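*Asks:* The structure that follows is given in the form of structure tokens.
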Amino acid sequence: MYQWRKFEFFEEKYGGKSSIPEDVTAGKIECCSSGRGKVVIGCDDGTVSLLDRGLKFNFSFQSHSSSVLFLQHLKQRNFLVTVGEDEQISPQQSAMCLKVFDLDKMQSEGTSAITPDCIGILRIFTNQFPEANITSFLVLEEAPPILLIAIGLDNGCIYCIKGDIARERITRFKLQVDNVSDKSHSSITGLGFKVDGQALQLFAVTPDSVSMFSLHNQPPRRQTLDQIGCNFNGVTMSDRSELILGRPEAVYFYEVDGRGPCWAFEGEKKFVGWFRGYLLCVIADQRTGKDTFNVYDLKNRLIAHSLVVKEVSHMLCEWGNIILIMTDKSTLCIGEKDMESKLDMLFKKNLYTVAINLVQSQQADAAATAEVLRKYGDHLYSKQDYDEAMAQYISTIGHLEPSYVIQKFLDAQRIHNLTNYLEKLHEKGLASKDHTTLLLNCYTKLKDVEKLNVFIKSEDGAGEHKFDVETAIRVCRAANYHEHAMYVAKKAGRHELYLKILLEDLGRYEEALQYISSLEPSQAGVTVKEYGKILIEHKPVKTIEILMRLCTEDGESTRSGPSSSAYLTMLPSPVDFLNIFIHHPPSLMDFLEKYTDRVKDSPAQVEIHNTLLELYLSNDLNFPSISQASNGVDHTIKARSGSLVIPKAESKLKPSAARNDTFKERDCMERREKGLRLLESAWPSDLEQPLYDVDLAIILCEMNAFKEGLLYLYEKMKLYKEVIACYMQSQDHEGLIACCKRLGDSGKGGDPSLWVDLLNYFGELGEDCSKEVKDVLTYIERDDILPPIIVLQTLSRNPCLTLSVIKDYIARKLEQESKLIEEDRRAIEKYQEDTLTMRKEIQDLRTNARIFQLSKCTACTFTLDLPAVHFMCMHSFHQRCLGDNEKECPECAPEYRSVLETKRSLEQNSKDQDRFFQQVKSSKDGFSVIAEYFGKGIISKTSNGSTGTGRSGGTSSSSGF
């Protein structure tokens, strides 16, 4: 033990000159106790004094009349339990009493004396418990208000009192330390309680033995722990409820199962105590005859403080200090220095291991421990002991900034130590992206594939919790450790990074496609969107197969069901993948064609048809070679940005280019045929709008000079004038005339005005088109679309046309007009004769009498007899045959009414101006409509309403007599 280092971790308080106050010096100090911030002193005159912090006198009171032998200040409640001698009331009763004082309840005695309330007085010795000298005393606070009091006697017995002393609800029992047969009884020199859950043990020490009683058993069971003991003041309890015995040869520790560790400190142990993990001993040195007070740090095997002291009478611990009371009533207060002071003391002596053990044993915070380890590491580093220094730095992980350590070992070029540190940093999950990068660089520089495998592929090493995945992959790729990078990406579920390595670094396209096929549909879709351009370039056929599975998975089985449209909306749309075909339009066309063949009612069919139309009609589409079209891989020709790069000899350049031109023309024709079929099939007759954007389709046809598509769209949209404009633009006269034959027939819903536009076109053509003009004139003449004069004026603008072109047409029109004129002349003569006849008849009716000579009734054909009715129209009737209507001739009335109705309708039409103008606008010859209105008398400068009315009245009144 003499090898233990001595340190001054404690210091004297109050300048080392403190003493017991004079108020307490009246009698000899018999006993002391501490607790709840007070020091309690009992004297031989029966007084008890309480001292505050700094040993300042607080108050005192008379607890016993004679002497105070033992006392204990309780912790849970502010109670003071004392044992002392009082006046003996009778010879049969002992003067030894136990009292309990409540220090929170004070009562005044006289003018100035203050005494705490005594809540319980108990005679210790009774008939069942004979009187003996008390050698030790200990109180255990159980659940309030229960107290367990153990009183050790010089006859080897222990009297135990348990219960509520204030209410005198107690039980007594006796424990015998020595055997009953053994007549040589030993005094009880020390007691100690150990509470372990429900178990309660009582340690009892005599000069010759150490025993333990299990009080939770009934009756209490005794167990002898050792056959050696100790004297008075050599017994104490540690903070872990270990019994400590101080003997001249050593200090012994005891547990419930027997003797524990032993520390061989030589010298008589006058006092033994325990303070915050330190062992306190007052040892008498026989060589010098002086007493030495030592504070032992058993964990770190050092003497925290050593001091030569006077003769000690009592030792206490209170206010965080150790208080030694000497026999001359002087005191010595010793307090522990703060941790920083102790560490500074050790650092100055370079005792870093002691400092580390000290902070760890005193359970200092992790930051303080790390700081000590850092300083120790710096010390070792300065001595170039790099391995040991790194061991200390590793222990600081989590508290010391890693860059502090990394910078040191980067400068020292100790890559092995640095690697070790970075590994530990990753194991604790405290590594950043930069740390991962540095560690992987260390592995690659050392070419330590085995460690790299352990770091990357171990069960605990790979994952986002141990290192940054993206950083690890980036470093492994840069060092050409592609397999490791792929392993990390795959295990971390970073499919995009895994494919990036396969495609960009290794060029393993088949494996990439297989990996994509194994993913979930959603993940596969994301990866294809990101890396589809590379896959389409090298493996177009298989990539399209994957896209088809993504966009149409189980589509065949569900398409016929009622929820097919809802299912299709859940699948990825082909439109989402258009960007990956940016440099490979033929593959895009192939993909969309396969999709449309399989899925007929896709939600994105409009966008798909628009894209297909653009591909079909494009003139600058890139074309794969024959080998690419057959095998899905182009080994000779790569089409990029519309140009063909052919790696062949110059001598073969022209024939190869010619073959490709031929293939391009043939493919262009096929695509345009597909485009026309798409235009037709995507606009069924039952739909008002097609399944594509009409405006976009027209623009595409215009841009790519796709005449057939334009003609179909215009005709479908009933834009007939635009249809013939297309033929005019291409100067396709035969197609133009055929189109007008199909679209200009009014009987089939056509527009006859197309022939007018056609005639204007030929009239302004500026070249000989006699044959076409004759065909046009045939249909104009057949449907009487234009007057001859308009035809002559239109064709006269073309200087290349001769009169012979329209000679026959004019001749036929003149002959036809002559016939019409002759028919009109004969009709005029007839109308004039009829008018003259009617006027004569009217005049005759006005001036001459009418003789009625009919002898039969016109209605019944019987002989006419009276009464009879004769009408001016020369019809005669029996009056009985006319019925109620005798004013109109039954024979002539219907004809007369029809004339009136016609006249009335004409008058009504004269007021309907909108109808008049509509007829003029829609008529081939507006002049004829106006002439008809004039002929019917509808349009007139003067109103003939009154005249007409008078005539009507006169006519209607032309009745018989």
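Each chain in the structure tokens gets a letter, A, B, ..., in the order shown, and its residues are numbered from 1; ligands are numbered from 1 in order too.
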Excluding Asn78 in chain A and any residue of its chain fewer than 3 positions from it, enumerate the residues within 7 Å of it, using only C-alpha atoms, and give them as a PyMOL selection string.
*Replies:* chain A and resi 74-75+102-104
*Asks:* Tell me which of A:Gly675, A:Pro787, A:Pro752, A:Pro521 sits closest to Thr611 in chain A, counting only C-alpha atoms.
*Replies:*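 Using only C-alpha atoms, the shortest distance to Thr611 in chain A belongs to A:Gly675.
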*Asks:* In terms of the shortest atom-to-atom distance over only C-alpha atoms, which of A:Leu122, A:Ala811, A:Leu617, A:Ile325 is closest to Arg169 in chain A?
*Replies:*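 Among the listed residues, A:Leu122 lies closest to Arg169 in chain A.
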*Asks:* Write down as a count of residues only the residues of range 295-408 of chain A whose backbone DSSP state falls under helix (DSSP H, G or I).
*Replies:* 54
*Asks:* Mind checking which residues fall within 12 Å of Leu615 in chain A, counting only C-alpha atoms, ignoring those fewer than 4 positions away in the same chain, and posting them as an MDAnalysis selection string?
*Replies:* chainID A and resid 581:582 584:593 608:611 619:623 667:668 670:672 674:675 678 697 700:701 704
*Asks:* Counting only C-alpha atoms, which of A:Leu711, A:Val526, A:Ile165, A:Ile188 gets nearest to Leu743 in chain A?
*Replies:* A:Leu711
